[in-house]
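J.: Just so it is clear, I am handing over final_38.txt, which has compact mmCIF, C-alpha atoms and all ligand atoms.
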# COMPACT_ATOMS: atom_id res chain seq x y z
CA MET A 116 35.85 19.77 4.08
CA THR A 117 33.68 19.23 7.15
CA TYR A 118 33.23 16.04 9.10
CA ALA A 119 29.60 15.82 7.94
CA ARG A 120 30.67 16.13 4.29
CA ILE A 121 33.26 13.37 4.68
CA CYS A 122 30.64 11.12 6.29
CA GLU A 123 28.31 11.84 3.39
CA ILE A 124 30.91 11.00 0.74
CA LEU A 125 31.79 7.73 2.45
CA MET A 126 28.15 6.86 2.95
CA ASP A 127 27.38 7.51 -0.72
CA ALA A 128 30.18 5.12 -1.61
CA GLY A 129 28.43 2.47 0.48
CA ILE A 130 30.85 2.41 3.40
CA GLU A 131 28.99 0.85 6.32
CA ASN A 132 30.44 2.68 9.33
CA ALA A 133 30.97 5.99 7.55
CA ASP A 134 30.81 8.15 10.72
CA PHE A 135 33.28 6.01 12.57
CA GLU A 136 35.70 5.84 9.65
CA ALA A 137 35.47 9.57 8.92
CA ALA A 138 36.44 10.33 12.52
CA LEU A 139 39.29 7.82 12.37
CA MET A 140 40.60 9.41 9.17
CA ILE A 141 40.48 12.93 10.59
CA ASN A 142 42.23 11.65 13.68
CA PHE A 143 44.93 9.91 11.66
CA PHE A 144 45.63 12.67 9.14
CA CYS A 145 44.79 15.84 11.07
CA GLY A 146 45.49 14.72 14.64
CA LYS A 147 42.07 15.69 15.97
CA SER A 148 40.36 13.41 18.45
CA ARG A 149 36.85 12.11 17.87
CA ALA A 150 35.61 14.28 20.75
CA GLU A 151 37.06 17.40 19.09
CA VAL A 152 35.61 16.45 15.73
CA LEU A 153 32.13 16.07 17.22
CA ALA A 154 32.42 19.23 19.35
CA PHE A 155 33.28 21.47 16.36
CA PRO A 156 31.01 20.35 13.50
CA ASP A 157 31.93 23.34 11.29
CA ALA A 158 35.67 22.72 11.42
CA ASP A 159 37.27 22.46 8.03
CA TYR A 160 39.71 19.65 7.32
CA SER A 161 41.71 20.22 4.21
CA ASP A 162 44.67 17.92 4.15
CA LYS A 163 45.87 16.49 0.84
CA LYS A 164 46.55 13.08 2.37
CA LEU A 165 43.08 13.04 3.91
CA PHE A 166 41.49 13.75 0.53
CA GLU A 167 43.53 11.00 -1.12
CA ALA A 168 42.53 8.60 1.64
CA ILE A 169 38.84 9.41 1.16
CA ASP A 170 39.16 8.71 -2.57
CA LYS A 171 40.87 5.40 -1.96
CA ARG A 172 38.36 4.38 0.67
CA CYS A 173 35.52 5.14 -1.75
CA GLU A 174 37.12 2.57 -4.05
CA ARG A 175 36.77 0.10 -1.17
CA TYR A 176 40.45 0.00 -0.40
CA PRO A 177 40.71 -1.07 3.27
CA LEU A 178 41.19 1.70 5.81
CA GLN A 179 43.86 -0.37 7.55
CA TYR A 180 46.07 -0.43 4.44
CA ILE A 181 45.47 3.29 3.86
CA PHE A 182 46.78 4.01 7.37
CA GLY A 183 49.54 1.44 6.99
CA GLU A 184 48.96 0.39 10.56
CA TRP A 185 46.27 -1.18 12.66
CA TYR A 186 45.55 -2.21 16.21
CA PHE A 187 45.36 -5.71 17.55
CA TYR A 188 45.07 -6.75 21.16
CA GLY A 189 46.98 -3.88 22.82
CA GLU A 190 49.56 -3.41 20.08
CA THR A 191 49.98 -1.42 16.88
CA TYR A 192 51.01 -3.30 13.75
CA THR A 193 52.41 -2.18 10.44
CA VAL A 194 50.10 -3.65 7.81
CA ASN A 195 50.18 -3.70 4.03
CA GLU A 196 49.08 -5.85 1.12
CA ASN A 197 51.57 -8.52 2.12
CA CYS A 198 49.51 -9.48 5.14
CA LEU A 199 45.99 -10.15 6.23
CA ILE A 200 44.54 -7.32 8.30
CA PRO A 201 44.50 -8.40 11.97
CA ARG A 202 40.92 -9.08 13.12
CA PRO A 203 39.45 -8.78 16.62
CA ASP A 204 38.22 -12.40 16.44
CA THR A 205 41.81 -13.56 16.37
CA GLU A 206 42.39 -11.96 19.77
CA LEU A 207 40.67 -15.04 21.25
CA LEU A 208 43.75 -17.09 20.40
CA VAL A 209 46.11 -14.58 21.96
CA GLU A 210 44.03 -14.36 25.11
CA TYR A 211 44.05 -18.13 25.52
CA ALA A 212 47.78 -18.40 24.80
CA ILE A 213 48.68 -15.68 27.29
CA LYS A 214 46.70 -17.44 30.02
CA ASN A 215 47.68 -21.00 29.28
CA LEU A 216 51.22 -21.22 27.91
CA PRO A 217 53.48 -22.89 30.47
CA HIS A 218 56.33 -20.94 32.02
CA LYS A 219 59.15 -20.25 29.51
CA ALA A 220 57.09 -21.76 26.71
CA ARG A 221 58.21 -21.83 23.12
CA PHE A 222 55.45 -21.74 20.54
CA ALA A 223 54.93 -21.67 16.77
CA ASP A 224 52.62 -19.30 14.93
CA LEU A 225 51.97 -20.95 11.58
CA CYS A 226 50.93 -18.57 8.77
CA THR A 227 52.08 -15.67 10.89
CA GLY A 228 51.21 -12.86 8.42
CA SER A 229 51.68 -9.53 10.19
CA GLY A 230 52.95 -11.57 13.14
CA CYS A 231 50.10 -10.30 15.29
CA ILE A 232 49.33 -13.56 17.12
CA ALA A 233 52.94 -14.32 18.06
CA VAL A 234 53.94 -10.74 18.80
CA SER A 235 50.99 -9.81 21.03
CA THR A 236 51.42 -13.07 22.94
CA LEU A 237 55.13 -12.38 23.40
CA VAL A 238 54.45 -8.83 24.58
CA HIS A 239 52.18 -10.07 27.37
CA ARG A 240 54.24 -13.15 28.21
CA PRO A 241 57.83 -11.93 28.52
CA ASP A 242 59.02 -15.41 29.57
CA THR A 243 58.14 -17.01 26.22
CA THR A 244 59.74 -17.30 22.77
CA ALA A 245 58.15 -17.86 19.39
CA VAL A 246 58.77 -18.68 15.79
CA GLY A 247 56.46 -17.42 13.07
CA LEU A 248 56.24 -19.24 9.77
CA ASP A 249 55.11 -17.64 6.54
CA LEU A 250 55.29 -18.54 2.88
CA PHE A 251 56.29 -15.13 1.57
CA PRO A 252 59.66 -13.46 2.29
CA LYS A 253 58.08 -9.99 2.38
CA THR A 254 55.49 -11.17 4.89
CA ALA A 255 58.09 -12.85 7.09
CA GLU A 256 60.06 -9.57 7.01
CA LEU A 257 56.94 -7.66 8.01
CA ALA A 258 56.41 -9.98 10.99
CA VAL A 259 60.01 -9.35 12.08
CA HIS A 260 59.43 -5.61 11.71
CA ASN A 261 56.32 -5.85 13.87
CA ALA A 262 58.24 -7.80 16.51
CA GLU A 263 60.79 -4.96 16.54
CA ARG A 264 58.09 -2.31 16.62
CA ASN A 265 56.60 -3.94 19.69
CA GLY A 266 59.87 -4.65 21.48
CA VAL A 267 59.96 -8.46 21.28
CA SER A 268 62.39 -9.07 18.41
CA GLU A 269 64.86 -10.88 20.66
CA ARG A 270 62.27 -13.52 21.40
CA PHE A 271 60.83 -13.83 17.91
CA GLU A 272 62.18 -15.37 14.78
CA ALA A 273 60.52 -15.75 11.40
CA VAL A 274 60.95 -18.74 9.14
CA CYS A 275 60.06 -18.37 5.50
CA SER A 276 58.70 -21.74 4.45
CA ASP A 277 55.71 -23.33 2.76
CA LEU A 278 53.46 -24.79 5.42
CA LEU A 279 52.23 -27.27 2.83
CA GLY A 280 55.82 -28.41 2.22
CA GLU A 281 58.17 -30.00 4.70
CA ASN A 282 57.94 -29.27 8.42
CA PRO A 283 61.16 -27.32 9.15
CA PHE A 284 60.92 -27.72 12.93
CA LYS A 285 62.45 -30.18 15.38
CA GLU A 286 60.62 -32.95 17.23
CA ASN A 287 58.99 -31.80 20.47
CA GLU A 288 60.14 -28.22 19.91
CA PHE A 289 56.94 -26.45 20.95
CA ASP A 290 54.66 -26.15 23.94
CA ALA A 291 51.96 -24.87 21.61
CA ILE A 292 51.17 -24.54 17.93
CA ILE A 293 48.94 -21.61 17.12
CA SER A 294 47.52 -20.86 13.72
CA ASN A 295 44.99 -18.73 11.93
CA PRO A 296 45.51 -20.35 8.54
CA PRO A 297 43.66 -19.55 5.33
CA TYR A 298 40.33 -21.34 5.84
CA ILE A 299 37.84 -20.09 3.27
CA ARG A 300 36.74 -22.57 0.62
CA THR A 301 38.13 -21.68 -2.82
CA SER A 302 34.64 -21.43 -4.33
CA VAL A 303 33.63 -18.89 -1.67
CA VAL A 304 36.69 -16.61 -1.82
CA ASP A 305 35.50 -14.69 -4.88
CA THR A 306 32.06 -14.08 -3.41
CA LEU A 307 33.37 -12.21 -0.37
CA GLU A 308 32.87 -8.51 0.27
CA GLU A 309 34.90 -6.15 -1.88
CA GLU A 310 37.34 -4.99 0.80
CA LEU A 311 38.68 -8.52 1.06
CA PHE A 312 39.89 -8.40 -2.56
CA SER A 313 42.78 -6.18 -1.49
CA GLU A 314 43.96 -8.75 1.02
CA PRO A 315 46.31 -11.51 -0.07
CA ARG A 316 44.26 -14.32 -1.57
CA ALA A 317 46.84 -16.76 -0.25
CA ALA A 318 45.92 -15.69 3.29
CA LEU A 319 42.25 -16.55 2.74
CA ASP A 320 42.04 -19.53 0.40
CA GLY A 321 41.94 -22.78 2.36
CA GLY A 322 41.57 -25.02 -0.68
CA GLU A 323 38.52 -26.81 -2.03
CA ASP A 324 37.19 -27.87 1.38
CA GLY A 325 38.77 -24.98 3.35
CA LEU A 326 40.62 -27.52 5.48
CA VAL A 327 43.90 -28.02 3.64
CA PHE A 328 46.04 -26.19 6.20
CA TYR A 329 44.43 -27.78 9.25
CA LYS A 330 44.95 -31.25 7.78
CA LYS A 331 48.57 -30.54 6.99
CA ILE A 332 49.31 -29.14 10.44
CA LEU A 333 47.68 -32.16 12.11
CA SER A 334 49.43 -34.69 9.90
CA ASP A 335 52.91 -33.14 9.65
CA TYR A 336 53.50 -30.64 12.45
CA THR A 337 52.17 -32.33 15.56
CA GLY A 338 55.47 -34.21 15.91
CA SER A 339 56.98 -30.84 16.81
CA LEU A 340 54.49 -30.43 19.64
CA LYS A 341 55.34 -31.68 23.12
CA ASN A 342 53.03 -34.34 24.54
CA GLU A 343 51.31 -31.99 26.96
CA GLY A 344 51.15 -29.16 24.43
CA PHE A 345 48.09 -27.59 22.85
CA ILE A 346 47.09 -26.49 19.37
CA LEU A 347 44.98 -23.38 18.85
CA PHE A 348 43.23 -22.91 15.54
CA GLU A 349 41.11 -20.03 14.42
CA ILE A 350 38.30 -21.60 12.39
CA GLY A 351 35.47 -20.54 10.09
CA TYR A 352 32.03 -20.18 11.66
CA ASP A 353 30.89 -23.41 9.97
CA GLN A 354 33.98 -25.56 10.52
CA LYS A 355 33.49 -26.74 14.09
CA LYS A 356 32.37 -30.24 13.16
CA ASP A 357 35.06 -30.72 10.50
CA ILE A 358 37.83 -29.70 12.88
CA ALA A 359 36.50 -31.88 15.71
CA GLU A 360 36.47 -34.87 13.35
CA LEU A 361 39.96 -34.15 12.08
CA ALA A 362 41.25 -33.71 15.63
CA ASP A 363 39.74 -37.01 16.67
CA PHE A 364 41.28 -38.77 13.68
CA TYR A 365 44.72 -37.52 14.68
CA GLY A 366 44.27 -38.44 18.35
CA PHE A 367 43.37 -35.01 19.74
CA GLY A 368 40.47 -33.88 21.89
CA CYS A 369 38.81 -30.68 20.69
CA GLU A 370 37.21 -27.85 22.64
CA VAL A 371 35.49 -24.95 20.87
CA GLN A 372 35.18 -21.30 21.88
CA LYS A 373 32.86 -18.72 20.35
CA ASP A 374 33.70 -15.20 19.21
CA LEU A 375 31.85 -12.05 20.27
CA SER A 376 29.21 -12.59 17.59
CA GLY A 377 28.48 -16.03 19.02
CA ASN A 378 30.07 -18.00 16.18
CA PRO A 379 32.46 -20.89 16.85
CA ARG A 380 35.85 -19.26 16.19
CA MET A 381 38.62 -21.08 18.06
CA THR A 382 39.44 -24.69 18.77
CA ILE A 383 41.76 -25.93 21.48
CA LEU A 384 43.26 -29.32 20.68
CA LYS A 385 45.04 -31.51 23.21
CA LYS A 386 46.48 -34.99 22.78
CA LYS A 387 44.26 -37.75 24.13
CA HIS A 388 46.09 -39.94 26.60
N1 LIG B 401 48.18 -14.96 11.58
C1 LIG B 401 47.78 -13.81 10.86
C2 LIG B 401 46.52 -13.24 11.45
O1 LIG B 401 45.89 -13.86 12.25
C3 LIG B 401 47.61 -14.12 9.37
C4 LIG B 401 46.60 -15.17 9.09
C5 LIG B 401 46.52 -15.55 7.62
O2 LIG B 401 47.24 -15.01 6.79
N2 LIG B 401 45.63 -16.44 7.30
O3 LIG B 401 46.09 -12.16 11.14
Kindly transcribe the structure held in the file into structure tokens.
T.:
Amino acid sequence: MTYARICEILMDAGIENADFEAALMINFFCGKSRAEVLAFPDADYSDKKLFEAIDKRCERYPLQYIFGEWYFYGETYTVNENCLIPRPDTELLVEYAIKNLPHKARFADLCTGSGCIAVSTLVHRPDTTAVGLDLFPKTAELAVHNAERNGVSERFEAVCSDLLGENPFKENEFDAIISNPPYIRTSVVDTLEEELFSEPRAALDGGEDGLVFYKKILSDYTGSLKNEGFILFEIGYDQKKDIAELADFYGFGCEVQKDLSGNPRMTILKKKH
């Protein structure tokens, strides 16, 4: 099958970036670079795994799960249906953490999923340690695997615990609390694009108002944050005001940063003195 034919099949199935994805698939399954693919348009790619992948992708199964790995910040992560697929927007949090964590900091990554936030931060800040919390044992195991895969397992531990339950951490344990919690309102979750249906609903659904996890972290986990520490939240594009109000209520100042599309995407919370 030629590159053009693969593009066509994907396009017919309504895949938005068909060209880009076709090249990625050929690269992944046949080891040919994008440059090679474009330079030899008549080349025939007939790999059974490639064909299976095309079929799955046409059913809107995410490319990231088909590959079983994906890229985030500078690292490669094992991903599967037990975790949310790491998104470029989330790199904002990692960038801030890398720049601003104090020397030898210890931080928490709440709802760690693939572990991408904690692990990429640890990779680029070899003086720090982290604990990632996740509700599901299989997800916590995946985060540990990703810490191993990226060479930071000695500085990472995973705790399997319900964020909405009891805070398992000590007082003043952390220099920072970082979290990309589920933040989509329950009523909106089912209206999202089809690809998202393959991702764990628990990683998306932020309760009726989309704020359940933020409220819980602010009410029950801030005792584990040192006085000078900071909280980083990834937020929904329309949640800036809600988070600023919540932060204020709990005695925190709130600064907002936008993502590459210009939407508010990250908040930085610091205790008011
Ligand atoms: N922390 C993980 C990520 O940013 C998972 C987030 C989640 O499951 N809501 O990708």
J.: Could you check how far atom CA of Thr205 of chain A sits from atom CA of Glu190 of chain A, in Å to one decimal?
T.: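 Interatomic distance here is 13.3 Å.
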J.: How close does each residue of chain A get to ligand LIG 401 (chain B), giving the shortest atom pair and distance in Å to one decimal for every residue with an atom at most 8 Å away, counting all atoms listed in the file, sorted by chain and residue number, as a tab-separated table?
T.:
residue	atom	partner	partner_atom	distance
A:Cys198	CA	B:LIG401	O2	6.2
A:Leu199	CA	B:LIG401	O2	5.0
A:Ile200	CA	B:LIG401	O3	5.8
A:Pro201	CA	B:LIG401	O3	4.2
A:Arg202	CA	B:LIG401	O3	6.3
A:Thr205	CA	B:LIG401	O1	5.8
A:Asp224	CA	B:LIG401	N1	7.1
A:Leu225	CA	B:LIG401	N1	7.1
A:Cys226	CA	B:LIG401	N1	5.3
A:Thr227	CA	B:LIG401	N1	4.0
A:Gly228	CA	B:LIG401	C3	3.9
A:Ser229	CA	B:LIG401	C1	5.8
A:Gly230	CA	B:LIG401	N1	6.1
A:Cys231	CA	B:LIG401	C2	6.0
A:Ile232	CA	B:LIG401	N1	5.8
A:Ser294	CA	B:LIG401	N1	6.3
A:Asn295	CA	B:LIG401	C4	4.8
A:Pro296	CA	B:LIG401	N2	4.1
A:Pro297	CA	B:LIG401	N2	4.2
A:Tyr298	CA	B:LIG401	N2	7.4
A:Pro315	CA	B:LIG401	O2	7.8
A:Ala317	CA	B:LIG401	O2	7.3
A:Ala318	CA	B:LIG401	O2	3.8
A:Leu319	CA	B:LIG401	N2	5.7
J.: Kindly give the distance, in Å, that separates atom CA of Asn378 of chain A and atom CA of Gly351 of chain A, rounded to a single decimal.
T.: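 Separating atom CA of Asn378 of chain A from atom CA of Gly351 of chain A is a distance of 8.5 Å.
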J.: If we count all atoms listed in the file and set the cut-off at 10 Å, which residues sit around segment 142-146 of chain A, ignoring sequence neighbours fewer than 6 positions away in its own chain? Please answer as a VMD selection string.
T.: chain A and resid 136 152 160 to 166 168 182
J.: Using Å and a single decimal, report how far atom CA of Glu272 of chain A sits from atom CA of Gly338 of chain A.
T.: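 Computed distance, atom CA of Gly338 of chain A to atom CA of Glu272 of chain A, equals 20.0 Å.
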J.: Counting only C-alpha atoms, which of A:Asn215, A:Phe367, A:Asp204, A:Phe312 gets nearest to Met381 of chain A?
T.: A:Asp204
J.: Applying 10 Å and all atoms listed in the file, which residues near Glu309 of chain A remain after dropping the ones on its own chain fewer than 5 positions away? List them as a compact mmCIF listing (two decimals) with C-alpha atoms, keeping the file's coordinate frame.
T.:
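Result file follows (selection_16.txt):
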# COMPACT_ATOMS: atom_id res chain seq x y z
CA GLU A 174 37.12 2.57 -4.05
CA ARG A 175 36.77 0.10 -1.17
CA TYR A 176 40.45 0.00 -0.40
CA PRO A 177 40.71 -1.07 3.27
CA GLU A 314 43.96 -8.75 1.02
J.: Would you pick out the contacts of Glu256 of chain A at 10 Å or less, using all atoms listed in the file, so that residues sharing its chain but fewer than 2 positions from it are not included, and give the list as an MDAnalysis selection string?
T.: chainID A and resid 197 228:230 249 251:254 258:262 272:275
J.: With a distance cut-off of 7 Å and all atoms listed in the file, select the neighbouring residues of segment 217-220 of chain A, excluding the residue or stretch itself and same-chain residues fewer than 4 positions from it, and output the selection as a ChimeraX atom specification.
T.: /A:242-244,290
J.: Which neighbours of Ile383 of chain A fall inside 8 Å, counting only C-alpha atoms, when residues of the same chain fewer than 3 positions from it are skipped, and could you give them as a PyMOL selection string?
T.: chain A and resi 345-348+369-371
J.: Would you list the residues near (38.8, 3.6, 2.0) (no more than 12 Å away, in the coordinates of the file, using only C-alpha atoms) as a PyMOL selection string?
T.: chain A and resi 121-122+124-126+128-133+136-137+139-140+165-182+309-310+313
J.: Could you check the closest approach to Tyr365 of chain A for each of A:Ser302, A:Ser334, A:Thr193, A:Ser276 and tell me which residue wins, using all atoms listed in the file?
T.: A:Ser334
J.: For segment 319-331 of chain A, what centre and edge lengths in Å (one decimal) does the axis-aligned box get once 4 Å is added on each side of all its listed atoms, as lines of an AutoDock Vina configuration file?
T.:
center_x = 42.9
center_y = -23.9
center_z = 3.6
size_x = 19.4
size_y = 22.7
size_z = 19.3
J.: Using all atoms listed in the file, pick whichever of A:Ala119, A:Ala245, A:Ala158, A:Leu257 has the shortest atom-to-atom distance to Asn195 of chain A.
T.: A:Leu257
